Structures are given as C-alpha cells and as structure tokens.
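Undergrad: Below is the file protein-v8.tsv, which contains TSV, C-alpha atoms.
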chain	number	residue	atom	x	y	z
A	4	MET	CA	87.58	135.48	99.90
A	5	ASN	CA	87.55	131.87	101.13
A	6	THR	CA	85.13	130.37	103.62
A	7	SER	CA	87.42	130.97	106.61
A	8	GLU	CA	87.66	134.67	105.78
A	9	ARG	CA	83.89	134.88	105.43
A	10	ALA	CA	83.50	133.23	108.84
A	11	THR	CA	85.13	136.25	110.49
A	12	ARG	CA	82.33	138.36	109.00
A	13	ILE	CA	79.33	136.09	109.58
A	14	ALA	CA	78.92	135.23	113.23
A	15	LEU	CA	76.91	132.41	114.74
A	16	CYS	CA	73.89	133.50	116.75
A	17	PRO	CA	74.31	132.83	120.52
A	18	ALA	CA	71.22	130.62	120.68
A	19	ALA	CA	72.41	128.35	117.85
A	20	VAL	CA	74.27	125.98	120.18
A	21	GLY	CA	73.18	122.93	118.20
A	22	VAL	CA	75.19	123.93	115.12
A	23	ARG	CA	78.41	125.15	116.73
A	24	ASP	CA	80.42	122.17	115.50
A	25	ILE	CA	78.90	122.35	112.00
A	26	TYR	CA	79.70	126.08	111.92
A	27	SER	CA	83.31	125.35	112.89
A	28	PHE	CA	83.68	122.66	110.21
A	29	LEU	CA	82.32	124.98	107.56
A	30	GLY	CA	83.64	128.34	108.68
A	31	HIS	CA	87.07	127.41	110.00
A	32	LEU	CA	88.03	124.11	108.38
A	33	ASP	CA	86.56	124.67	104.89
A	34	LEU	CA	84.93	121.22	104.97
A	35	ASP	CA	81.90	121.93	102.82
A	36	CYS	CA	82.76	118.89	100.70
A	37	ASP	CA	82.30	116.51	103.64
A	38	VAL	CA	79.65	118.32	105.68
A	39	ASN	CA	76.91	119.88	103.56
A	40	PRO	CA	74.50	117.22	102.25
A	41	CYS	CA	74.25	116.98	98.48
A	42	THR	CA	72.78	114.69	95.88
A	43	GLY	CA	72.75	114.05	92.16
A	44	LEU	CA	70.06	112.62	89.92
A	45	ILE	CA	68.96	112.35	86.32
A	46	GLY	CA	65.42	112.35	85.02
A	47	PRO	CA	62.70	114.32	83.22
A	48	ILE	CA	61.93	117.84	84.43
A	49	ASP	CA	59.58	120.60	83.36
A	50	PRO	CA	61.79	122.96	81.30
A	51	ARG	CA	59.65	125.92	82.33
A	52	ARG	CA	60.57	125.31	85.97
A	53	ILE	CA	64.32	125.09	85.46
A	54	ASP	CA	64.34	128.09	83.13
A	55	ASP	CA	62.81	130.33	85.81
A	56	ALA	CA	65.61	130.70	88.35
A	57	SER	CA	63.82	133.42	90.32
A	58	ALA	CA	60.82	131.12	90.83
A	59	ILE	CA	63.12	128.38	92.17
A	60	VAL	CA	64.68	130.88	94.57
A	61	ASP	CA	61.20	131.91	95.72
A	62	PHE	CA	60.20	128.26	96.21
A	63	VAL	CA	63.28	127.63	98.41
A	64	ARG	CA	62.42	130.74	100.43
A	65	ARG	CA	58.84	129.49	100.87
A	66	LEU	CA	60.23	126.18	102.13
A	67	GLY	CA	61.75	128.20	104.98
A	68	LEU	CA	65.43	127.48	104.38
A	69	THR	CA	66.59	131.07	103.93
A	70	GLN	CA	64.85	132.28	107.09
A	71	ALA	CA	66.22	129.27	108.96
A	72	LEU	CA	69.78	130.19	107.99
A	73	ALA	CA	69.14	133.75	109.12
A	74	ASN	CA	67.92	132.34	112.45
A	75	VAL	CA	71.30	130.72	113.21
A	76	LEU	CA	73.69	133.23	111.61
A	77	ASP	CA	74.03	136.98	112.07
A	78	LEU	CA	72.27	137.65	108.78
A	79	ALA	CA	69.02	139.12	107.55
A	80	GLU	CA	66.96	136.76	105.42
A	81	GLN	CA	67.29	139.03	102.39
A	82	ASP	CA	71.06	138.53	102.59
A	83	VAL	CA	70.81	134.72	102.42
A	84	ILE	CA	71.66	133.40	98.96
A	85	VAL	CA	70.02	130.66	96.91
A	86	ARG	CA	72.22	129.89	93.92
A	87	VAL	CA	70.59	128.44	90.78
A	88	VAL	CA	72.87	127.54	87.87
A	89	ARG	CA	71.38	126.54	84.51
A	90	HIS	CA	74.18	125.08	82.34
A	91	ASP	CA	73.77	125.38	78.58
A	92	ASP	CA	76.28	122.70	77.58
A	93	THR	CA	74.73	119.27	77.08
A	94	VAL	CA	76.42	116.47	79.01
A	95	ASP	CA	76.58	112.83	77.96
A	96	GLY	CA	77.69	109.60	79.52
A	97	ASP	CA	76.43	106.81	81.76
A	98	LEU	CA	75.89	106.97	85.51
A	99	ASP	CA	79.58	106.32	86.30
A	100	GLU	CA	80.64	109.25	84.13
A	101	LEU	CA	77.96	111.49	85.61
A	102	GLU	CA	79.09	110.42	89.08
A	103	GLU	CA	82.56	111.71	88.30
A	104	LEU	CA	81.17	114.94	86.84
A	105	LEU	CA	79.01	115.73	89.84
A	106	SER	CA	81.64	114.72	92.39
A	107	ASP	CA	84.14	117.08	90.76
A	108	TYR	CA	81.50	119.80	90.71
A	109	HIS	CA	80.63	119.26	94.37
A	110	ASN	CA	84.24	119.39	95.54
A	111	THR	CA	85.03	122.55	93.59
A	112	HIS	CA	81.81	124.49	94.29
A	113	PRO	CA	81.44	124.89	98.05
A	114	LEU	CA	78.49	126.62	99.62
A	115	ARG	CA	79.29	129.95	101.17
A	116	LEU	CA	78.20	130.39	104.78
A	117	ASP	CA	75.50	132.78	103.63
A	118	GLU	CA	74.17	130.33	101.02
A	119	ALA	CA	71.27	128.06	101.89
A	120	VAL	CA	71.04	126.06	98.65
A	121	LEU	CA	72.97	125.46	95.43
A	122	LEU	CA	71.02	123.92	92.56
A	123	SER	CA	72.72	123.17	89.24
A	124	CYS	CA	71.17	121.58	86.17
A	125	TRP	CA	72.60	120.28	82.88
A	126	PRO	CA	70.70	119.03	79.82
A	127	HIS	CA	71.63	115.42	79.06
A	128	ALA	CA	72.00	113.91	75.60
A	129	SER	CA	69.16	111.49	76.44
A	130	GLY	CA	66.71	114.39	76.64
A	131	GLU	CA	66.61	114.19	80.43
A	132	HIS	CA	68.33	116.58	82.83
A	133	VAL	CA	71.12	116.05	85.35
A	134	VAL	CA	70.42	117.83	88.64
A	135	PHE	CA	72.77	118.57	91.54
A	136	VAL	CA	71.50	119.97	94.85
A	137	LYS	CA	73.51	121.00	97.92
A	138	ILE	CA	71.93	122.32	101.12
A	139	SER	CA	73.55	123.96	104.14
A	140	HIS	CA	73.86	121.52	107.03
A	141	LEU	CA	73.35	124.48	109.36
A	142	VAL	CA	69.62	124.23	108.62
A	143	VAL	CA	68.93	120.60	107.66
A	144	ASP	CA	69.18	117.27	109.41
A	145	LEU	CA	68.63	113.94	107.67
A	146	SER	CA	64.84	113.93	107.88
A	147	ASP	CA	64.77	117.58	106.79
A	148	VAL	CA	66.84	116.99	103.69
A	149	VAL	CA	64.63	114.07	102.64
A	150	ASP	CA	61.52	116.24	102.97
A	151	VAL	CA	63.07	119.26	101.23
A	152	LEU	CA	64.45	117.24	98.32
A	153	THR	CA	61.17	115.38	97.83
A	154	ARG	CA	59.41	118.72	97.47
A	155	LEU	CA	62.14	120.16	95.26
A	156	ARG	CA	62.09	117.16	92.91
A	157	ALA	CA	58.32	117.45	92.63
A	158	TYR	CA	58.64	121.16	91.89
A	159	LEU	CA	61.18	120.55	89.11
A	160	ARG	CA	58.88	117.97	87.53
A	161	GLY	CA	56.07	120.54	87.47
A	162	ALA	CA	53.98	118.91	90.20
A	163	GLU	CA	52.10	120.86	92.83
A	164	THR	CA	53.35	120.79	96.42
A	165	VAL	CA	51.28	121.37	99.56
A	166	ARG	CA	52.09	122.74	103.01
A	167	VAL	CA	55.22	124.44	101.71
A	168	GLY	CA	57.18	125.84	104.66
A	169	ALA	CA	55.30	123.92	107.36
A	170	ARG	CA	58.42	122.11	108.58
A	171	TYR	CA	60.32	125.34	109.34
A	172	ARG	CA	57.40	127.51	110.50
A	173	HIS	CA	58.60	127.57	114.14
A	174	HIS	CA	62.33	127.19	113.50
A	175	ALA	CA	63.45	130.29	115.42
A	176	ALA	CA	61.50	129.27	118.52
A	177	THR	CA	62.79	125.69	118.27
A	178	VAL	CA	66.41	126.90	118.14
A	179	GLU	CA	65.80	128.89	121.32
A	180	ARG	CA	64.06	125.95	123.01
A	181	TYR	CA	66.92	123.60	122.17
A	182	ALA	CA	69.42	126.06	123.68
A	183	ARG	CA	67.45	126.02	126.95
A	184	LEU	CA	67.67	122.23	127.41
A	185	PRO	CA	69.48	121.22	130.63
A	186	THR	CA	73.10	120.36	129.94
A	187	ALA	CA	74.81	117.26	131.24
A	188	ASP	CA	77.40	117.20	134.01
A	189	PHE	CA	80.47	116.86	131.79
A	190	GLY	CA	82.54	115.47	134.65
A	191	GLN	CA	80.00	112.71	135.23
A	192	VAL	CA	79.99	111.83	131.53
A	193	GLN	CA	83.78	111.67	131.33
A	194	GLN	CA	83.99	109.57	134.49
A	195	ALA	CA	81.47	107.12	133.03
A	196	LEU	CA	83.48	106.85	129.80
A	197	GLY	CA	86.61	105.83	131.74
A	198	GLU	CA	90.18	105.98	130.55
A	199	VAL	CA	90.82	106.41	126.87
A	200	PRO	CA	92.17	103.11	125.50
A	201	THR	CA	95.16	102.66	123.24
A	202	PRO	CA	94.07	102.17	119.62
A	203	GLY	CA	95.43	99.37	117.50
A	204	CYS	CA	95.92	101.86	114.67
A	205	LYS	CA	96.75	105.53	115.19
A	206	GLY	CA	94.54	108.16	113.61
A	207	ILE	CA	95.60	110.74	111.03
A	208	PRO	CA	95.41	114.12	112.81
A	209	THR	CA	94.94	116.25	109.70
A	210	ILE	CA	92.15	116.64	107.14
A	211	SER	CA	93.04	114.22	104.39
A	212	GLY	CA	91.95	112.73	101.06
A	213	SER	CA	89.20	110.13	101.29
A	214	THR	CA	87.87	107.18	99.38
A	215	GLU	CA	85.04	104.72	99.96
A	216	GLN	CA	83.69	101.23	99.51
A	217	TRP	CA	80.10	99.96	99.58
A	218	LEU	CA	78.20	97.04	101.05
A	219	PRO	CA	74.53	96.05	100.64
A	220	LEU	CA	72.95	95.48	104.07
A	221	ARG	CA	70.25	93.07	105.11
A	222	SER	CA	66.79	94.43	105.78
A	223	GLY	CA	65.43	94.85	109.30
A	224	LEU	CA	68.77	95.87	110.81
A	225	THR	CA	68.52	97.94	114.02
A	226	PHE	CA	70.99	100.68	114.83
A	227	ASP	CA	72.23	98.80	117.91
A	228	ALA	CA	72.84	95.69	115.79
A	229	PHE	CA	74.71	97.93	113.36
A	230	LEU	CA	76.89	99.28	116.19
A	231	SER	CA	77.55	95.74	117.42
A	232	ALA	CA	78.60	94.52	113.98
A	233	VAL	CA	80.88	97.51	113.35
A	234	THR	CA	82.51	97.08	116.76
A	235	GLY	CA	83.18	93.40	116.15
A	236	ALA	CA	84.61	94.07	112.69
A	237	LEU	CA	86.90	96.86	113.91
A	238	LEU	CA	88.22	95.11	117.00
A	239	THR	CA	88.87	92.01	114.91
A	240	THR	CA	90.79	93.82	112.15
A	241	ILE	CA	92.34	96.84	113.88
A	242	GLY	CA	92.49	95.70	117.50
A	243	GLY	CA	93.26	97.78	120.57
A	244	GLY	CA	90.60	100.02	122.02
A	245	LEU	CA	88.55	102.55	120.11
A	246	VAL	CA	86.08	105.38	120.60
A	247	LEU	CA	83.06	105.33	118.31
A	248	GLN	CA	81.02	108.46	117.68
A	249	TYR	CA	77.34	108.38	116.78
A	250	PRO	CA	74.79	111.16	116.22
A	251	PHE	CA	71.78	111.44	118.49
A	252	SER	CA	68.60	113.46	117.90
A	253	ARG	CA	66.08	113.94	120.69
A	254	TRP	CA	62.64	112.68	119.77
A	255	ASP	CA	60.87	116.00	120.30
A	256	PHE	CA	63.33	117.77	118.00
A	257	ALA	CA	63.92	115.09	115.35
A	258	ALA	CA	60.81	116.00	113.36
A	259	LYS	CA	61.39	119.75	113.59
A	260	GLY	CA	63.09	121.65	110.81
A	261	GLY	CA	66.74	122.37	111.64
A	262	TYR	CA	69.87	120.69	112.98
A	263	TYR	CA	69.64	119.55	116.62
A	264	VAL	CA	72.15	116.70	116.80
A	265	GLU	CA	74.48	115.66	119.61
A	266	ILE	CA	77.55	113.51	118.93
A	267	LYS	CA	77.88	110.83	121.61
A	268	PRO	CA	81.00	108.72	122.30
A	269	LEU	CA	81.15	104.97	122.94
A	270	VAL	CA	84.36	103.42	124.29
A	271	VAL	CA	85.05	99.85	123.18
A	272	ARG	CA	87.98	97.64	124.15
A	273	ALA	CA	89.41	94.58	122.43
A	274	ASP	CA	89.63	92.53	125.64
A	275	SER	CA	85.85	92.86	126.08
A	276	ILE	CA	84.74	92.13	122.52
A	277	SER	CA	82.14	89.53	123.51
A	278	ARG	CA	80.13	92.02	125.60
A	279	TYR	CA	79.34	94.37	122.70
A	280	THR	CA	75.98	92.93	121.78
A	281	PRO	CA	73.03	94.95	120.42
A	282	GLU	CA	71.54	94.81	123.92
A	283	TYR	CA	74.71	96.30	125.39
A	284	PHE	CA	74.60	99.24	123.02
A	285	GLU	CA	70.90	99.77	123.64
A	286	ARG	CA	71.54	100.07	127.40
A	287	THR	CA	74.67	102.17	127.02
A	288	ARG	CA	73.13	104.61	124.56
A	289	ARG	CA	70.05	105.01	126.74
A	290	TYR	CA	72.29	105.92	129.69
A	291	TYR	CA	74.35	108.57	127.91
A	292	GLU	CA	71.32	110.00	126.16
A	293	SER	CA	69.58	110.44	129.54
A	294	LEU	CA	72.33	112.56	131.11
A	295	GLY	CA	71.30	115.88	129.58
A	296	ARG	CA	72.36	117.77	126.48
A	297	PHE	CA	76.00	117.33	125.52
A	298	THR	CA	78.03	116.72	122.43
A	299	MET	CA	81.47	115.17	122.23
A	300	SER	CA	83.39	118.41	121.59
A	301	GLU	CA	82.22	119.71	124.99
A	302	LEU	CA	84.05	116.91	126.85
A	303	THR	CA	87.34	118.82	126.95
A	304	SER	CA	89.39	116.44	129.09
A	305	PHE	CA	88.20	113.43	127.14
A	306	ALA	CA	88.84	115.18	123.83
A	307	THR	CA	92.36	116.15	124.93
A	308	ALA	CA	93.12	112.52	125.78
A	309	LEU	CA	91.81	111.40	122.39
A	310	THR	CA	94.04	113.89	120.61
A	311	SER	CA	97.18	113.13	122.60
A	312	GLY	CA	96.71	109.40	122.04
A	313	ARG	CA	95.92	109.90	118.33
A	314	MET	CA	92.68	108.01	118.73
A	315	PRO	CA	91.13	107.52	115.28
A	316	ARG	CA	87.99	109.53	114.65
A	317	ILE	CA	85.40	106.85	113.85
A	318	VAL	CA	81.76	107.69	113.11
A	319	VAL	CA	78.93	105.16	113.02
A	320	SER	CA	75.75	106.71	111.76
A	321	ASP	CA	72.39	106.26	110.17
A	322	THR	CA	72.22	108.53	107.15
A	323	THR	CA	70.44	109.11	103.88
A	324	PHE	CA	72.07	108.98	100.48
A	325	MET	CA	69.10	111.04	99.29
A	326	ARG	CA	68.10	108.45	96.74
A	327	PRO	CA	65.11	109.67	94.69
A	328	GLU	CA	61.92	107.88	93.66
A	329	PRO	CA	63.29	105.07	91.42
A	330	HIS	CA	60.34	105.16	89.01
A	331	LEU	CA	60.97	108.86	88.30
A	332	TRP	CA	64.71	109.43	88.67
A	333	ARG	CA	68.05	107.64	88.63
A	334	TRP	CA	70.38	108.33	91.54
A	335	ILE	CA	73.92	109.65	90.96
A	336	PRO	CA	76.20	109.20	94.02
A	337	VAL	CA	78.39	112.18	94.91
A	338	HIS	CA	81.72	111.75	96.71
A	339	SER	CA	83.79	113.89	99.06
A	340	ALA	CA	87.41	114.57	98.19
A	341	ARG	CA	88.52	115.25	101.78
A	342	THR	CA	87.37	114.24	105.23
A	343	PHE	CA	87.96	115.12	108.87
A	344	GLU	CA	87.14	111.71	110.34
A	345	ASP	CA	89.46	108.77	109.78
A	346	LEU	CA	86.68	106.26	109.19
A	347	LYS	CA	82.92	106.54	108.73
A	348	PHE	CA	80.30	103.80	108.62
A	349	LEU	CA	77.24	105.39	107.04
A	350	ALA	CA	74.13	103.23	106.73
A	351	ASP	CA	71.11	104.27	104.68
A	352	ARG	CA	68.17	102.15	105.79
A	353	SER	CA	65.53	104.57	104.52
A	354	TRP	CA	63.04	104.38	101.67
A	355	PRO	CA	63.38	103.67	98.76
A	356	GLY	CA	66.23	101.36	99.74
A	357	PRO	CA	67.60	98.79	99.56
A	358	PRO	CA	69.71	99.17	102.73
A	359	LEU	CA	73.23	100.23	101.81
A	360	LEU	CA	76.44	100.96	103.72
A	361	ARG	CA	79.08	103.44	102.62
A	362	LEU	CA	82.47	102.91	104.24
A	363	GLN	CA	84.37	106.18	103.87
A	364	TYR	CA	87.95	106.48	105.09
A	365	LYS	CA	91.16	108.43	104.77
A	366	ARG	CA	93.49	106.80	102.30
A	367	ARG	CA	96.36	107.45	104.73
A	368	PHE	CA	94.50	105.70	107.56
A	369	LEU	CA	93.44	102.42	105.97
A	370	SER	CA	94.90	100.44	103.12
A	371	PRO	CA	92.38	99.14	100.55
A	372	GLN	CA	93.15	95.64	101.82
A	373	THR	CA	92.27	96.51	105.42
A	374	ALA	CA	89.09	98.29	104.31
A	375	THR	CA	88.11	95.20	102.31
A	376	ALA	CA	88.81	93.01	105.35
A	377	ILE	CA	86.52	95.21	107.49
A	378	LEU	CA	83.81	94.95	104.85
A	379	GLY	CA	84.29	91.19	104.77
A	380	GLU	CA	83.69	91.02	108.52
A	381	LEU	CA	80.61	93.20	108.16
A	382	GLU	CA	79.29	91.15	105.28
A	383	GLN	CA	79.35	88.05	107.45
A	384	ARG	CA	77.49	89.87	110.22
A	385	ILE	CA	74.99	92.18	108.48
A	386	GLY	CA	75.52	91.89	104.72
A	387	VAL	CA	73.17	90.54	102.08
A	388	SER	CA	75.48	88.42	99.98
A	389	SER	CA	78.75	89.80	98.65
A	390	ALA	CA	80.12	93.34	98.99
A	391	THR	CA	79.91	95.83	96.18
A	392	VAL	CA	83.41	97.24	96.39
A	393	ARG	CA	84.68	100.35	94.68
A	394	PRO	CA	88.47	100.38	94.34
A	395	ALA	CA	90.39	102.99	96.28
A	396	ASP	CA	91.82	105.92	94.37
Rewrite the coordinates I just gave you, this time as structure tokens.
TA:
Amino acid sequence: MNTSERATRIALCPAAVGVRDIYSFLGHLDLDCDVNPCTGLIGPIDPRRIDDASAIVDFVRRLGLTQALANVLDLAEQDVIVRVVRHDDTVDGDLDELEELLSDYHNTHPLRLDEAVLLSCWPHASGEHVVFVKISHLVVDLSDVVDVLTRLRAYLRGAETVRVGARYRHHAATVERYARLPTADFGQVQQALGEVPTPGCKGIPTISGSTEQWLPLRSGLTFDAFLSAVTGALLTTIGGGLVLQYPFSRWDFAAKGGYYVEIKPLVVRADSISRYTPEYFERTRRYYESLGRFTMSELTSFATALTSGRMPRIVVSDTTFMRPEPHLWRWIPVHSARTFEDLKFLADRSWPGPPLLRLQYKRRFLSPQTATAILGELEQRIGVSSATVRPAD
C-alpha cells in the first residue's frame, strides 16, 4: 500500500489547519523525499544505545513526537510508529560516497503517514557510525528539528538529556489555539497582490526530477536582504514577472513544538527591479503578515491565475541543513530526487554555520548554465567569494 492509499485511511484532524498543505504533499502527492526533513552524519556513538532499539523508540516518545503526530492525525499514540533500523553490513567510503548512499536511502525509504521518525545506523570501516534520521514534517518546524536532533545526537553518544518532552508538552492545545486565529480577508489579500504577471520562463506543472548547486553566503545577512538579492538575480536572468513564496511563522508559535507555518506570496515585476530593496521587502512582508492567518493555497483566484499562466513555483526560505556539532560529528548532505517547486533558494544561516545557500531546481526548468548564472548574480550580491557548484545530474 503506497502513501496515497494510506491517506484514505488516516484522516487529518479538523483542528490541524496548519498542516493541511503538508498533509496533502505527503498523503496525496507522495512527496516524502522533498518534504520530510532528514539528515545524515558520521561520528562516534555509544554502541549500547544503538543496539537497544526499544529504548530509542521510548526516547522519541518521551520527546513528544508520537503524541504530536496523534494530535494532528486520526490516530491513537500507540499506533504511531518509530522505525529504528540497525544495519549489520559495514559501509566504507568518504563523505561523497556516503552522501550518495544516504540520498539513495532517503529517496527509497519514505516515512509512512503514521510514522513519526525513521532512524537508520550503519557501522563504518573507520570505527565510527553513519546515522540517518528522518522526521515527519507534520510535527516539526525548523527550530523543532534542530532541538530534536540535538537531543537525539546526545542520546546516541550516551550523554544525558534534560527536560525531555518540554517542547511538545502543550502541543494539542497549541494546535487548537492556532486554528482559532482570525483568518485574513482573502479578497483583500488578492486585491493587494494585483494581477499575476507574465513570467519570463514558464514553470513545469508536474513533479519532476531535481538537482542542486551551492553557494557560501556572507555572514550577517538579513532575510529581507536575501529576498532582495534573489529578486535581483532572478529578474536579471529570467526576466518577466514572478511570484516568490516564503514561509512565515508567527512569533508566539515559532518556539512551540509543531508546524505552524503560512506560505506568503510576493509579486515582483521586471519593470520595477530597482524598487526591490531590503526595506521594500520589510514593509511588504509586515503588511501581508498583519492581515490575519492565511497561506497561499487558500487564495483560490490567485492560485488559479498562477496555474493558468504557468507561473514558476519559486520558494525563498530560511532553513536548516541540520548540520551537527562539528567537533563531534561530520555532516553528510542528503538530496531529494524529486520536487514540486520549480526553484528553491534555501539559506541556512544557523549555528554552527557557516552560512550556506542551496539552490534546488527542476532539471526541466533550468539548464545548468542558467542556474550557474543565477548563482553568479547572487555571489556578487551576497556571496563570500566564489560559488561551490555541484554539477547537475
């Protein structure tokens, strides 16, 4: 039974309005590979911890993740699964080879809707262990996943952890409180956005194979400066008008365990390129974020116009690549085989750094040359020195 078939059996709870889009991506589009956050790492672990799968499952339950999933799906907590896989075969190879191993594993081992966590571990020829962790996006946002993984890494090393479960203690009540937030006037939002422009490059309407390139970013970059730089790079290389999407978390929910994210649109036009300064985006974001709770999928007229005009789906987002403590672990990037969005600018400005941009795009949407040109524009605006480019598949 695939994920779509399972979705007909596991319903979303009515109050879980904040995860409706995530639920659709996972349950109806089978996009685990590009939705659920995951990470890979290699380092020393306590063999007693990894050998006791039931204790790991209990630790994840004490973190609150299984109850959180039961709070948003029509499931009892005892029916939520935590999958722990201890591989006996020793793996070898450098970080590039391990990157390929874990990316293949990620793309061929999706989380079921009723699974909160997948943890897999391989012994490495160096005497260390390779660890892969995937967590359901239905119950974690970026700050959540950083907190959960920090605790999980400490647990695997044999260290003690304190205040286990504190982050998710009031998750059910927070889900209900988020659902009661006043919603925006969708007509007012769509009127403010104006007419959908004509893009310089049509989007690919189907889920498609993806690739990526990387760019080191300068320190001290604000999100509005990031938006300004991306806008300038895109309008210079692609042209036309575009709609950018960015995720927004309300301050009083951002530190709570769970996913409470709204996707906001920003319309940009090539004939107004000089106006898109960081200050412009600060004002514009503040306006849309003040209108009440709404996410882009709820703007039906606007969304219909985007689809009919084949507007590219472009995401600009802060993120975390879930890089571990560098003095304890080595990070192994994990890549998605398929993606829904045409183009994603994902910036990790979090500790331990350094700031790093991942440019992910559909191979059918951008040529490697165009992607490199976009990175070149970004490097001039917000890069450190020269781009670290990974060739397209």
Undergrad: Tell me, as a list in words, which residues lie within 8 Å of A:Val148, counting all atoms listed in the file; anything in the same chain fewer than 3 positions away does not count.
TA: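 Returned residues: Pro40, Ile138, Val143, Asp144, Leu145, Val151, Leu152 and Met325 of chain A.
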Undergrad: Could you name the residues that touch A:Val136 at 12 Å or less, counting all atoms listed in the file, but leaving out those on the same chain fewer than 2 positions away, as a VMD selection string?
TA: chain A and resid 39 to 45 63 85 to 88 105 to 106 108 to 109 112 to 114 119 to 124 133 to 134 138 to 139 148 to 149 151 to 153 155 to 156 159 325 335 to 337
Undergrad: Calculated over only C-alpha atoms, which of the candidates A:Ile241, A:Cys16, A:Leu34, A:Ala232 has the smallest distance to A:Gly386?
TA: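 Residue with the minimum atom-to-atom distance to A:Gly386: A:Ala232.
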Undergrad: Quick one: everything within 10 Å of A:Asp77, counting only C-alpha atoms, minus sequence neighbours fewer than 2 positions away in the same chain. Send it as an MDAnalysis selection string.
TA: chainID A and resid 12:17 72:75 79:80 117
Undergrad: Determine, counting all atoms listed in the file, which protein, DNA and RNA residues have an atom within 9 Å of an atom of A:Ala182; residues of the same chain fewer than 3 positions away are not included. Present the result as JSON, numbers by chain.
TA: {"A": [17, 18, 19, 20, 21, 177, 178, 179, 185]}
Undergrad: Restricting the calculation to only C-alpha atoms: of A:Glu163, A:Glu265, A:Glu382, A:Glu328, which residue gets closest to A:Arg221?
TA: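 Closest to A:Arg221, using only C-alpha atoms: A:Glu382.
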Undergrad: So which one's closest to A:Gln70, A:Ala58, A:Leu245, A:Val83, A:Ala176? Using all atoms listed in the file, please.
TA: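 Going through A:Ala58, A:Leu245, A:Val83, A:Ala176 one by one, the smallest distance to A:Gln70 is for A:Val83.
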Undergrad: So how far away is atom CA of A:Pro47 from atom CA of A:Trp332, in Å?
TA: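 Spanning atom CA of A:Trp332 to atom CA of A:Pro47 is a straight-line distance of 7.6 Å.
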Undergrad: Work out how far apart atom CA of A:Leu369 and atom CA of A:Ile266 are and give it in Å to one decimal.
TA: 23.3 Å
Undergrad: How many Å lie between atom CA of A:His174 and atom CA of A:Ser146, rounded to one decimal?
TA: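 Atom CA of A:Ser146 lies at a distance of 14.6 Å from atom CA of A:His174.
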Undergrad: With all atoms listed in the file as the atoms that count, which of A:Arg313, A:Arg52, A:Arg352, A:Arg160 lies nearest to A:Gly223?
TA: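 Nearest candidate to A:Gly223 out of A:Arg313, A:Arg52, A:Arg352, A:Arg160: A:Arg352.
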Undergrad: Looking at all atoms listed in the file, which of A:Ala157, A:Ile210, A:Ala257, A:Val271 is the one that sits closest to A:Leu196?
TA: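 That would be A:Val271, the residue with the smallest distance to A:Leu196.
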Undergrad: Neighbours of stretch 202-208 of chain A within 12 Å (all atoms listed in the file; same-chain residues fewer than 2 positions away dropped), as number ranges by chain?
TA: A: 199-200, 210-213, 237-247, 270-273, 309-317, 342-346, 364-370, 373
Undergrad: Write a file of the just-selected residues containing C-alpha atoms, as a short mmCIF file (atom, residue, chain, number, x, y, z; two decimals), keeping the file's coordinate frame.
TA:
data_model
loop_
_atom_site.label_atom_id
_atom_site.label_comp_id
_atom_site.auth_asym_id
_atom_site.auth_seq_id
_atom_site.Cartn_x
_atom_site.Cartn_y
_atom_site.Cartn_z
CA VAL A 199 90.82 106.41 126.87
CA PRO A 200 92.17 103.11 125.50
CA ILE A 210 92.15 116.64 107.14
CA SER A 211 93.04 114.22 104.39
CA GLY A 212 91.95 112.73 101.06
CA SER A 213 89.20 110.13 101.29
CA LEU A 237 86.90 96.86 113.91
CA LEU A 238 88.22 95.11 117.00
CA THR A 239 88.87 92.01 114.91
CA THR A 240 90.79 93.82 112.15
CA ILE A 241 92.34 96.84 113.88
CA GLY A 242 92.49 95.70 117.50
CA GLY A 243 93.26 97.78 120.57
CA GLY A 244 90.60 100.02 122.02
CA LEU A 245 88.55 102.55 120.11
CA VAL A 246 86.08 105.38 120.60
CA LEU A 247 83.06 105.33 118.31
CA VAL A 270 84.36 103.42 124.29
CA VAL A 271 85.05 99.85 123.18
CA ARG A 272 87.98 97.64 124.15
CA ALA A 273 89.41 94.58 122.43
CA LEU A 309 91.81 111.40 122.39
CA THR A 310 94.04 113.89 120.61
CA SER A 311 97.18 113.13 122.60
CA GLY A 312 96.71 109.40 122.04
CA ARG A 313 95.92 109.90 118.33
CA MET A 314 92.68 108.01 118.73
CA PRO A 315 91.13 107.52 115.28
CA ARG A 316 87.99 109.53 114.65
CA ILE A 317 85.40 106.85 113.85
CA THR A 342 87.37 114.24 105.23
CA PHE A 343 87.96 115.12 108.87
CA GLU A 344 87.14 111.71 110.34
CA ASP A 345 89.46 108.77 109.78
CA LEU A 346 86.68 106.26 109.19
CA TYR A 364 87.95 106.48 105.09
CA LYS A 365 91.16 108.43 104.77
CA ARG A 366 93.49 106.80 102.30
CA ARG A 367 96.36 107.45 104.73
CA PHE A 368 94.50 105.70 107.56
CA LEU A 369 93.44 102.42 105.97
CA SER A 370 94.90 100.44 103.12
CA THR A 373 92.27 96.51 105.42
#
Undergrad: Looking at only C-alpha atoms, which of A:Asp91, A:Glu118, A:Asp35, A:Glu198 is the one that sits closest to A:Ser304?
TA: A:Glu198
Undergrad: Complete stretch 36-47 of chain A with N, CA and C atoms (output as a JSON list (two decimals), keeping the file's coordinate frame).
TA:
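Done, and the output landed in result-v1.json:
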[["chain", "number", "residue", "atom", "x", "y", "z"],
["A", 36, "CYS", "N", 82.84, 120.10, 101.53],
["A", 36, "CYS", "CA", 82.76, 118.89, 100.70],
["A", 36, "CYS", "C", 82.39, 117.65, 101.51],
["A", 37, "ASP", "N", 82.59, 117.69, 102.84],
["A", 37, "ASP", "CA", 82.30, 116.51, 103.64],
["A", 37, "ASP", "C", 81.23, 116.77, 104.69],
["A", 38, "VAL", "N", 80.63, 117.95, 104.66],
["A", 38, "VAL", "CA", 79.65, 118.32, 105.68],
["A", 38, "VAL", "C", 78.28, 118.59, 105.06],
["A", 39, "ASN", "N", 78.21, 119.50, 104.11],
["A", 39, "ASN", "CA", 76.91, 119.88, 103.56],
["A", 39, "ASN", "C", 76.33, 118.75, 102.72],
["A", 40, "PRO", "N", 75.10, 118.32, 103.02],
["A", 40, "PRO", "CA", 74.50, 117.22, 102.25],
["A", 40, "PRO", "C", 74.23, 117.64, 100.81],
["A", 41, "CYS", "N", 74.49, 116.71, 99.89],
["A", 41, "CYS", "CA", 74.25, 116.98, 98.48],
["A", 41, "CYS", "C", 73.85, 115.70, 97.78],
["A", 42, "THR", "N", 73.24, 115.85, 96.63],
["A", 42, "THR", "CA", 72.78, 114.69, 95.88],
["A", 42, "THR", "C", 72.78, 114.99, 94.39],
["A", 43, "GLY", "N", 72.84, 113.93, 93.60],
["A", 43, "GLY", "CA", 72.75, 114.05, 92.16],
["A", 43, "GLY", "C", 71.70, 113.09, 91.63],
["A", 44, "LEU", "N", 71.06, 113.47, 90.53],
["A", 44, "LEU", "CA", 70.06, 112.62, 89.92],
["A", 44, "LEU", "C", 69.88, 113.00, 88.46],
["A", 45, "ILE", "N", 69.27, 112.09, 87.72],
["A", 45, "ILE", "CA", 68.96, 112.35, 86.32],
["A", 45, "ILE", "C", 67.54, 111.88, 86.06],
["A", 46, "GLY", "N", 66.79, 112.70, 85.31],
["A", 46, "GLY", "CA", 65.42, 112.35, 85.02],
["A", 46, "GLY", "C", 64.73, 113.47, 84.25],
["A", 47, "PRO", "N", 63.44, 113.32, 83.97],
["A", 47, "PRO", "CA", 62.70, 114.32, 83.22],
["A", 47, "PRO", "C", 62.25, 115.46, 84.14]]
